[in-house]
>>> print(open('start.pdb').read())   # PDB, C-alpha atoms
MODEL        1
ATOM      1  CA  MET A 777      33.999 -58.188  84.115  1.00  0.00           C
ATOM      2  CA  THR A 778      36.250 -57.333  86.988  1.00  0.00           C
ATOM      3  CA  ARG A 779      34.923 -55.843  90.193  1.00  0.00           C
ATOM      4  CA  VAL A 780      36.697 -52.520  89.480  1.00  0.00           C
ATOM      5  CA  ALA A 781      35.222 -52.334  85.973  1.00  0.00           C
ATOM      6  CA  ALA A 782      31.757 -53.107  87.320  1.00  0.00           C
ATOM      7  CA  LEU A 783      32.133 -50.412  89.990  1.00  0.00           C
ATOM      8  CA  ALA A 784      33.337 -47.870  87.405  1.00  0.00           C
ATOM      9  CA  LEU A 785      30.402 -48.723  85.145  1.00  0.00           C
ATOM     10  CA  GLY A 786      28.007 -48.280  88.070  1.00  0.00           C
ATOM     11  CA  VAL A 787      29.466 -44.861  88.931  1.00  0.00           C
ATOM     12  CA  PHE A 788      29.269 -43.813  85.265  1.00  0.00           C
ATOM     13  CA  ALA A 789      25.632 -44.931  85.008  1.00  0.00           C
ATOM     14  CA  ALA A 790      24.732 -43.163  88.252  1.00  0.00           C
ATOM     15  CA  GLY A 791      26.338 -39.968  86.975  1.00  0.00           C
ATOM     16  CA  CYS A 792      24.307 -40.127  83.777  1.00  0.00           C
ATOM     17  CA  SER A 793      21.046 -40.479  85.672  1.00  0.00           C
ATOM     18  CA  LEU A 794      21.793 -37.322  87.702  1.00  0.00           C
ATOM     19  CA  GLN A 795      22.319 -35.119  84.655  1.00  0.00           C
ATOM     20  CA  THR A 796      19.817 -32.278  84.363  1.00  0.00           C
ATOM     21  CA  TYR A 797      18.511 -30.244  81.459  1.00  0.00           C
ATOM     22  CA  ALA A 798      16.996 -26.782  81.147  1.00  0.00           C
ATOM     23  CA  ILE A 799      13.244 -26.826  80.636  1.00  0.00           C
ATOM     24  CA  ILE A 800      12.317 -26.141  77.023  1.00  0.00           C
ATOM     25  CA  GLN A 801      10.038 -23.194  76.257  1.00  0.00           C
ATOM     26  CA  PRO A 802       9.356 -23.516  72.511  1.00  0.00           C
ATOM     27  CA  ARG A 803       7.743 -20.942  70.230  1.00  0.00           C
ATOM     28  CA  PHE A 804       6.340 -21.447  66.770  1.00  0.00           C
ATOM     29  CA  ARG A 805       4.091 -19.760  64.238  1.00  0.00           C
ATOM     30  CA  THR A 806       0.753 -20.954  62.996  1.00  0.00           C
ATOM     31  CA  GLN A 807      -0.550 -20.256  59.512  1.00  0.00           C
ATOM     32  CA  GLU A 808      -4.218 -20.144  60.544  1.00  0.00           C
ATOM     33  CA  ALA A 809      -3.956 -17.652  63.392  1.00  0.00           C
ATOM     34  CA  ALA A 810      -7.674 -16.821  63.510  1.00  0.00           C
ATOM     35  CA  THR A 811      -8.557 -20.328  64.713  1.00  0.00           C
ATOM     36  CA  ALA A 812      -5.348 -21.085  66.612  1.00  0.00           C
ATOM     37  CA  PHE A 813      -6.861 -20.654  70.080  1.00  0.00           C
ATOM     38  CA  GLU A 814      -9.472 -23.357  69.447  1.00  0.00           C
ATOM     39  CA  ARG A 815      -6.755 -25.730  68.234  1.00  0.00           C
ATOM     40  CA  VAL A 816      -4.638 -24.911  71.303  1.00  0.00           C
ATOM     41  CA  VAL A 817      -7.525 -25.855  73.617  1.00  0.00           C
ATOM     42  CA  GLN A 818      -7.931 -29.191  71.809  1.00  0.00           C
ATOM     43  CA  ALA A 819      -4.175 -29.876  71.783  1.00  0.00           C
ATOM     44  CA  VAL A 820      -3.733 -29.080  75.483  1.00  0.00           C
ATOM     45  CA  ASP A 821      -6.679 -31.336  76.282  1.00  0.00           C
ATOM     46  CA  ALA A 822      -5.118 -34.161  74.255  1.00  0.00           C
ATOM     47  CA  HIS A 823      -1.445 -33.835  75.255  1.00  0.00           C
ATOM     48  CA  CYS A 824      -1.266 -32.046  78.610  1.00  0.00           C
ATOM     49  CA  GLY A 825      -3.502 -34.231  80.761  1.00  0.00           C
ATOM     50  CA  GLY A 826      -6.586 -32.163  80.043  1.00  0.00           C
ATOM     51  CA  VAL A 827      -7.426 -28.465  80.313  1.00  0.00           C
ATOM     52  CA  GLU A 828      -7.355 -26.919  83.783  1.00  0.00           C
ATOM     53  CA  SER A 829      -8.378 -23.478  82.541  1.00  0.00           C
ATOM     54  CA  SER A 830      -8.619 -21.429  79.391  1.00  0.00           C
ATOM     55  CA  ASN A 831      -8.959 -17.695  78.918  1.00  0.00           C
ATOM     56  CA  PRO A 832     -10.044 -16.711  75.386  1.00  0.00           C
ATOM     57  CA  GLU A 833      -9.541 -12.982  76.082  1.00  0.00           C
ATOM     58  CA  ALA A 834      -5.934 -13.486  77.205  1.00  0.00           C
ATOM     59  CA  ARG A 835      -5.552 -16.336  74.675  1.00  0.00           C
ATOM     60  CA  VAL A 836      -3.974 -18.623  77.301  1.00  0.00           C
ATOM     61  CA  VAL A 837      -4.700 -22.296  77.964  1.00  0.00           C
ATOM     62  CA  ILE A 838      -3.362 -24.117  81.039  1.00  0.00           C
ATOM     63  CA  GLY A 839      -3.161 -27.891  81.248  1.00  0.00           C
ATOM     64  CA  ARG A 840      -3.519 -30.093  84.303  1.00  0.00           C
ATOM     65  CA  TRP A 841      -0.518 -31.136  86.371  1.00  0.00           C
ATOM     66  CA  GLN A 842       1.198 -34.286  85.116  1.00  0.00           C
ATOM     67  CA  LEU A 843       3.367 -36.536  87.278  1.00  0.00           C
ATOM     68  CA  TRP A 844       6.846 -37.801  86.384  1.00  0.00           C
ATOM     69  CA  SER A 845       8.137 -40.282  88.982  1.00  0.00           C
ATOM     70  CA  ALA A 846      11.791 -40.879  89.786  1.00  0.00           C
ATOM     71  CA  ALA A 847      13.716 -42.813  92.398  1.00  0.00           C
ATOM     72  CA  ASP A 848      14.562 -39.642  94.354  1.00  0.00           C
ATOM     73  CA  GLY A 849      11.094 -38.100  94.256  1.00  0.00           C
ATOM     74  CA  ALA A 850       8.808 -36.830  91.555  1.00  0.00           C
ATOM     75  CA  SER A 851       8.381 -33.900  89.234  1.00  0.00           C
ATOM     76  CA  VAL A 852       5.094 -32.406  88.167  1.00  0.00           C
ATOM     77  CA  SER A 853       4.670 -30.328  85.038  1.00  0.00           C
ATOM     78  CA  GLN A 854       1.969 -28.137  83.629  1.00  0.00           C
ATOM     79  CA  CYS A 855       1.588 -26.833  80.048  1.00  0.00           C
ATOM     80  CA  ILE A 856       0.814 -23.161  79.584  1.00  0.00           C
ATOM     81  CA  VAL A 857       0.147 -22.276  75.948  1.00  0.00           C
ATOM     82  CA  THR A 858      -0.250 -18.681  74.796  1.00  0.00           C
ATOM     83  CA  VAL A 859      -1.392 -17.434  71.378  1.00  0.00           C
ATOM     84  CA  PHE A 860       0.000 -13.933  70.799  1.00  0.00           C
ATOM     85  CA  SER A 861      -1.895 -11.145  69.111  1.00  0.00           C
ATOM     86  CA  ASP A 862      -0.848  -7.618  68.183  1.00  0.00           C
ATOM     87  CA  GLU A 863      -1.790  -4.451  70.096  1.00  0.00           C
ATOM     88  CA  SER A 864      -5.122  -4.126  68.277  1.00  0.00           C
ATOM     89  CA  GLY A 865      -6.170  -7.585  69.473  1.00  0.00           C
ATOM     90  CA  SER A 866      -5.912  -9.090  66.026  1.00  0.00           C
ATOM     91  CA  ALA A 867      -4.748 -12.700  66.015  1.00  0.00           C
ATOM     92  CA  HIS A 868      -2.887 -12.284  62.735  1.00  0.00           C
ATOM     93  CA  LEU A 869       0.449 -12.445  64.490  1.00  0.00           C
ATOM     94  CA  GLY A 870       0.164 -16.230  64.747  1.00  0.00           C
ATOM     95  CA  GLU A 871       2.934 -16.814  67.281  1.00  0.00           C
ATOM     96  CA  VAL A 872       2.374 -19.531  69.883  1.00  0.00           C
ATOM     97  CA  ARG A 873       4.484 -20.046  73.024  1.00  0.00           C
ATOM     98  CA  VAL A 874       4.541 -23.240  75.055  1.00  0.00           C
ATOM     99  CA  THR A 875       5.726 -22.803  78.631  1.00  0.00           C
ATOM    100  CA  PHE A 876       6.253 -25.709  80.992  1.00  0.00           C
ATOM    101  CA  SER A 877       5.916 -24.997  84.689  1.00  0.00           C
ATOM    102  CA  VAL A 878       7.789 -27.723  86.574  1.00  0.00           C
ATOM    103  CA  ARG A 879       8.045 -28.457  90.276  1.00  0.00           C
ATOM    104  CA  LYS A 880      10.261 -30.957  92.077  1.00  0.00           C
ATOM    105  CA  CYS A 881       8.503 -32.948  94.787  1.00  0.00           C
ATOM    106  CA  PRO A 882       9.976 -35.060  97.589  1.00  0.00           C
ATOM    107  CA  LEU A 883       9.034 -38.692  97.948  1.00  0.00           C
ATOM    108  CA  SER A 884       5.435 -38.604  99.125  1.00  0.00           C
ATOM    109  CA  ASP A 885       1.936 -39.707  98.323  1.00  0.00           C
ATOM    110  CA  VAL A 886       1.373 -38.996  94.635  1.00  0.00           C
ATOM    111  CA  SER A 887      -2.217 -40.211  94.413  1.00  0.00           C
ATOM    112  CA  ASP A 888      -3.556 -36.639  94.053  1.00  0.00           C
ATOM    113  CA  VAL A 889      -1.271 -34.701  91.710  1.00  0.00           C
ATOM    114  CA  GLU A 890      -3.388 -31.523  91.838  1.00  0.00           C
ATOM    115  CA  ALA A 891      -3.055 -31.396  95.650  1.00  0.00           C
ATOM    116  CA  LEU A 892       0.638 -32.331  95.568  1.00  0.00           C
ATOM    117  CA  ALA A 893       1.774 -29.710  93.015  1.00  0.00           C
ATOM    118  CA  PRO A 894       1.336 -26.577  95.194  1.00  0.00           C
ATOM    119  CA  THR A 895       3.493 -28.152  97.916  1.00  0.00           C
ATOM    120  CA  CYS A 896       6.456 -28.738  95.602  1.00  0.00           C
ATOM    121  CA  GLU A 897       9.402 -26.456  94.847  1.00  0.00           C
ATOM    122  CA  ARG A 898       9.639 -24.716  91.468  1.00  0.00           C
ATOM    123  CA  THR A 899      12.591 -25.741  89.334  1.00  0.00           C
ATOM    124  CA  ASP A 900      14.266 -24.646  86.101  1.00  0.00           C
ATOM    125  CA  VAL A 901      15.966 -27.979  85.414  1.00  0.00           C
ATOM    126  CA  VAL A 902      14.684 -31.511  84.907  1.00  0.00           C
ATOM    127  CA  THR A 903      16.050 -35.004  84.457  1.00  0.00           C
ATOM    128  CA  GLN A 904      16.662 -36.429  81.004  1.00  0.00           C
ATOM    129  CA  LEU A 905      13.453 -38.487  81.228  1.00  0.00           C
ATOM    130  CA  VAL A 906      11.295 -35.439  81.985  1.00  0.00           C
ATOM    131  CA  SER A 907      13.122 -33.340  79.378  1.00  0.00           C
ATOM    132  CA  THR A 908      12.459 -35.973  76.730  1.00  0.00           C
ATOM    133  CA  GLU A 909       8.775 -36.257  77.685  1.00  0.00           C
ATOM    134  CA  LEU A 910       8.295 -32.469  77.643  1.00  0.00           C
ATOM    135  CA  SER A 911       9.953 -32.348  74.211  1.00  0.00           C
ATOM    136  CA  VAL A 912       7.513 -34.960  72.922  1.00  0.00           C
ATOM    137  CA  ILE A 913       4.555 -33.015  74.342  1.00  0.00           C
ATOM    138  CA  ALA A 914       5.850 -29.798  72.740  1.00  0.00           C
ATOM    139  CA  GLN A 915       6.215 -31.524  69.357  1.00  0.00           C
ATOM    140  CA  ARG A 916       2.673 -32.878  69.560  1.00  0.00           C
ATOM    141  CA  LEU A 917       1.256 -29.500  70.546  1.00  0.00           C
ATOM    142  CA  GLU A 918       3.044 -27.834  67.650  1.00  0.00           C
ATOM    143  CA  ALA A 919       1.886 -30.497  65.177  1.00  0.00           C
ATOM    144  CA  ASP A 920      -1.746 -30.008  66.237  1.00  0.00           C
ATOM    145  CA  VAL A 921      -1.668 -26.189  66.320  1.00  0.00           C
ATOM    146  CA  ARG A 922       0.757 -25.165  63.558  1.00  0.00           C
ATOM    147  CA  ARG A 923      -1.329 -25.842  60.433  1.00  0.00           C
TER     148      ARG A 923
ENDMDL
END
>>> encode(input="start.pdb", output="structure tokens")
Amino acid sequence: MTRVAALALGVFAAGCSLQTYAIIQPRFRTQEAATAFERVVQAVDAHCGGVESSNPEARVVIGRWQLWSAADGASVSQCIVTVFSDESGSAHLGEVRVTFSVRKCPLSDVSDVEALAPTCERTDVVTQLVSTELSVIAQRLEADVRR
């Protein structure tokens, strides 16, 4: 390979690694809406680094911050899963929304993700690696909750 070809390949590869993607915010329906909240708690615990908090009245479960390292810093993400109900409070609606809160962090000590997350800047875009990982988490959450 010539030096020019190697340089061009390096520039192409560097450009690919800088590509960003919008953060997914999937929604889906569950067939067993009455017990969906309990399944959401279990799924968040299994796939989102554990449960940071859950509010049965609001039907919201928040996962712990998870770290995604990169050469230029790190990103942290947090799952927020909501089970919607109608105005009467009935859970028959069965719609579930997964929201990912993501923050971009500078290179720093990442030994305590919970302490690091509040110091990082919110972002609406992520790298391909983080986008892929969030997609996998969303698919696993849906598989565990949908039934």
>>> resolve_selection(input="start.pdb", expression="the PyMOL selection byres ((chain A and resi 917) around 8)", output="ChimeraX atom specification")
/A:816,819-820,823,913-916,918-921
>>> closest_residue(input="start.pdb", among="A:Ser887, A:Ser861, A:Ser845, A:Ser877", to="Ala798 of chain A", atoms="all atoms listed in the file")
A:Ser877
>>> residues_around(input="start.pdb", residues="Gln904 of chain A", least_positions_apart="2", cutoff="12 Å", atoms="all atoms listed in the file", output="list of chain:residue names")
A:Gly791, A:Cys792, A:Ser793, A:Leu794, A:Gln795, A:Thr796, A:Tyr797, A:Ala798, A:Ile799, A:Ile800, A:Trp844, A:Ala846, A:Ser851, A:Val901, A:Val902, A:Val906, A:Ser907, A:Thr908, A:Glu909, A:Leu910, A:Ser911
>>> resolve_selection(input="start.pdb", expression="the PyMOL selection byres ((chain A and resi 829) around 12)", output="ChimeraX atom specification")
/A:816-817,820-821,824-828,830-832,834-841,854-857
>>> closest_residue(input="start.pdb", among="A:Gln842, A:Thr858, A:Thr806, A:Thr875", to="Ala893 of chain A", atoms="only C-alpha atoms")
A:Gln842
>>> closest_residue(input="start.pdb", among="A:Val889, A:Cys896, A:Val859, A:Ala847", to="Val872 of chain A", atoms="only C-alpha atoms")
A:Val859
>>> atom_distance(input="start.pdb", atom1="atom CA of Arg805 of chain A", atom2="atom CA of Glu871 of chain A")
4.4 Å
>>> resolve_selection(input="start.pdb", expression="the PyMOL selection byres ((chain A and resi 881) around 8)", output="PyMOL selection string")
chain A and resi 849-852+879-880+882-884+892-893+895-897
>>> atom_distance(input="start.pdb", atom1="atom CA of Arg923 of chain A", atom2="atom CA of Arg873 of chain A")
15.0 Å
>>> atom_distance(input="start.pdb", atom1="atom CA of Pro802 of chain A", atom2="atom CA of Val912 of chain A")
11.6 Å
>>> build_atoms(input="start.pdb", residues="segment 912-923 of chain A", atoms="all heavy atoms", output="PDB file, in the coordinates of the input")
ATOM      1  N   VAL A 912       8.535 -34.235  73.683  1.00  0.00           N
ATOM      2  CA  VAL A 912       7.513 -34.960  72.922  1.00  0.00           C
ATOM      3  C   VAL A 912       6.175 -34.220  72.999  1.00  0.00           C
ATOM      4  O   VAL A 912       5.487 -34.046  71.984  1.00  0.00           O
ATOM      5  CB  VAL A 912       7.376 -36.418  73.423  1.00  0.00           C
ATOM      6  CG1 VAL A 912       6.143 -37.095  72.844  1.00  0.00           C
ATOM      7  CG2 VAL A 912       8.633 -37.208  73.093  1.00  0.00           C
ATOM      8  N   ILE A 913       5.809 -33.768  74.187  1.00  0.00           N
ATOM      9  CA  ILE A 913       4.555 -33.015  74.342  1.00  0.00           C
ATOM     10  C   ILE A 913       4.599 -31.748  73.491  1.00  0.00           C
ATOM     11  O   ILE A 913       3.636 -31.432  72.782  1.00  0.00           O
ATOM     12  CB  ILE A 913       4.296 -32.674  75.823  1.00  0.00           C
ATOM     13  CG1 ILE A 913       3.958 -33.954  76.598  1.00  0.00           C
ATOM     14  CG2 ILE A 913       3.178 -31.651  75.964  1.00  0.00           C
ATOM     15  CD1 ILE A 913       3.910 -33.768  78.109  1.00  0.00           C
ATOM     16  N   ALA A 914       5.715 -31.024  73.528  1.00  0.00           N
ATOM     17  CA  ALA A 914       5.850 -29.798  72.740  1.00  0.00           C
ATOM     18  C   ALA A 914       5.715 -30.077  71.243  1.00  0.00           C
ATOM     19  O   ALA A 914       5.050 -29.329  70.521  1.00  0.00           O
ATOM     20  CB  ALA A 914       7.191 -29.128  73.036  1.00  0.00           C
ATOM     21  N   GLN A 915       6.319 -31.163  70.774  1.00  0.00           N
ATOM     22  CA  GLN A 915       6.215 -31.524  69.357  1.00  0.00           C
ATOM     23  C   GLN A 915       4.776 -31.848  68.975  1.00  0.00           C
ATOM     24  O   GLN A 915       4.298 -31.445  67.906  1.00  0.00           O
ATOM     25  CB  GLN A 915       7.110 -32.713  69.054  1.00  0.00           C
ATOM     26  CG  GLN A 915       8.579 -32.394  69.112  1.00  0.00           C
ATOM     27  CD  GLN A 915       9.455 -33.632  69.073  1.00  0.00           C
ATOM     28  OE1 GLN A 915       8.984 -34.760  69.053  1.00  0.00           O
ATOM     29  NE2 GLN A 915      10.765 -33.429  69.076  1.00  0.00           N
ATOM     30  N   ARG A 916       4.069 -32.538  69.843  1.00  0.00           N
ATOM     31  CA  ARG A 916       2.673 -32.878  69.560  1.00  0.00           C
ATOM     32  C   ARG A 916       1.787 -31.633  69.570  1.00  0.00           C
ATOM     33  O   ARG A 916       0.892 -31.501  68.723  1.00  0.00           O
ATOM     34  CB  ARG A 916       2.173 -33.901  70.573  1.00  0.00           C
ATOM     35  CG  ARG A 916       2.807 -35.253  70.388  1.00  0.00           C
ATOM     36  CD  ARG A 916       2.380 -36.238  71.429  1.00  0.00           C
ATOM     37  NE  ARG A 916       2.999 -37.534  71.193  1.00  0.00           N
ATOM     38  CZ  ARG A 916       3.028 -38.500  72.073  1.00  0.00           C
ATOM     39  NH1 ARG A 916       2.466 -38.371  73.264  1.00  0.00           N
ATOM     40  NH2 ARG A 916       3.607 -39.655  71.766  1.00  0.00           N
ATOM     41  N   LEU A 917       2.020 -30.748  70.519  1.00  0.00           N
ATOM     42  CA  LEU A 917       1.256 -29.500  70.546  1.00  0.00           C
ATOM     43  C   LEU A 917       1.481 -28.712  69.257  1.00  0.00           C
ATOM     44  O   LEU A 917       0.536 -28.236  68.633  1.00  0.00           O
ATOM     45  CB  LEU A 917       1.665 -28.648  71.756  1.00  0.00           C
ATOM     46  CG  LEU A 917       1.214 -29.136  73.123  1.00  0.00           C
ATOM     47  CD1 LEU A 917       1.937 -28.376  74.232  1.00  0.00           C
ATOM     48  CD2 LEU A 917      -0.284 -29.033  73.282  1.00  0.00           C
ATOM     49  N   GLU A 918       2.735 -28.575  68.861  1.00  0.00           N
ATOM     50  CA  GLU A 918       3.044 -27.834  67.650  1.00  0.00           C
ATOM     51  C   GLU A 918       2.408 -28.483  66.421  1.00  0.00           C
ATOM     52  O   GLU A 918       1.838 -27.792  65.569  1.00  0.00           O
ATOM     53  CB  GLU A 918       4.555 -27.718  67.456  1.00  0.00           C
ATOM     54  CG  GLU A 918       4.923 -26.906  66.237  1.00  0.00           C
ATOM     55  CD  GLU A 918       6.406 -26.658  66.087  1.00  0.00           C
ATOM     56  OE1 GLU A 918       7.189 -26.966  67.003  1.00  0.00           O
ATOM     57  OE2 GLU A 918       6.786 -26.130  65.017  1.00  0.00           O
ATOM     58  N   ALA A 919       2.472 -29.798  66.324  1.00  0.00           N
ATOM     59  CA  ALA A 919       1.886 -30.497  65.177  1.00  0.00           C
ATOM     60  C   ALA A 919       0.377 -30.250  65.088  1.00  0.00           C
ATOM     61  O   ALA A 919      -0.170 -30.085  63.996  1.00  0.00           O
ATOM     62  CB  ALA A 919       2.174 -31.994  65.273  1.00  0.00           C
ATOM     63  N   ASP A 920      -0.292 -30.203  66.222  1.00  0.00           N
ATOM     64  CA  ASP A 920      -1.746 -30.008  66.237  1.00  0.00           C
ATOM     65  C   ASP A 920      -2.161 -28.568  66.016  1.00  0.00           C
ATOM     66  O   ASP A 920      -3.257 -28.300  65.547  1.00  0.00           O
ATOM     67  CB  ASP A 920      -2.340 -30.496  67.554  1.00  0.00           C
ATOM     68  CG  ASP A 920      -2.378 -32.009  67.662  1.00  0.00           C
ATOM     69  OD1 ASP A 920      -2.011 -32.699  66.684  1.00  0.00           O
ATOM     70  OD2 ASP A 920      -2.787 -32.519  68.726  1.00  0.00           O
ATOM     71  N   VAL A 921      -1.304 -27.604  66.379  1.00  0.00           N
ATOM     72  CA  VAL A 921      -1.668 -26.189  66.320  1.00  0.00           C
ATOM     73  C   VAL A 921      -1.110 -25.481  65.092  1.00  0.00           C
ATOM     74  O   VAL A 921      -1.745 -24.587  64.549  1.00  0.00           O
ATOM     75  CB  VAL A 921      -1.198 -25.466  67.611  1.00  0.00           C
ATOM     76  CG1 VAL A 921      -1.473 -23.965  67.531  1.00  0.00           C
ATOM     77  CG2 VAL A 921      -1.858 -26.074  68.830  1.00  0.00           C
ATOM     78  N   ARG A 922       0.030 -25.888  64.600  1.00  0.00           N
ATOM     79  CA  ARG A 922       0.757 -25.165  63.558  1.00  0.00           C
ATOM     80  C   ARG A 922      -0.038 -24.943  62.272  1.00  0.00           C
ATOM     81  O   ARG A 922       0.005 -23.875  61.693  1.00  0.00           O
ATOM     82  CB  ARG A 922       2.051 -25.871  63.195  1.00  0.00           C
ATOM     83  CG  ARG A 922       2.824 -25.133  62.095  1.00  0.00           C
ATOM     84  CD  ARG A 922       4.099 -25.829  61.767  1.00  0.00           C
ATOM     85  NE  ARG A 922       5.130 -25.563  62.721  1.00  0.00           N
ATOM     86  CZ  ARG A 922       5.946 -24.506  62.645  1.00  0.00           C
ATOM     87  NH1 ARG A 922       5.814 -23.642  61.668  1.00  0.00           N
ATOM     88  NH2 ARG A 922       6.876 -24.309  63.537  1.00  0.00           N
ATOM     89  N   ARG A 923      -0.713 -25.886  61.772  1.00  0.00           N
ATOM     90  CA  ARG A 923      -1.329 -25.842  60.433  1.00  0.00           C
ATOM     91  C   ARG A 923      -1.898 -24.535  60.001  1.00  0.00           C
ATOM     92  O   ARG A 923      -2.091 -23.572  60.543  1.00  0.00           O
ATOM     93  CB  ARG A 923      -2.410 -26.891  60.296  1.00  0.00           C
ATOM     94  CG  ARG A 923      -3.564 -26.683  61.239  1.00  0.00           C
ATOM     95  CD  ARG A 923      -4.622 -27.705  60.965  1.00  0.00           C
ATOM     96  NE  ARG A 923      -5.573 -27.621  62.057  1.00  0.00           N
ATOM     97  CZ  ARG A 923      -6.854 -27.533  61.891  1.00  0.00           C
ATOM     98  NH1 ARG A 923      -7.361 -27.580  60.702  1.00  0.00           N
ATOM     99  NH2 ARG A 923      -7.659 -27.445  62.908  1.00  0.00           N
TER     100      ARG A 923
END
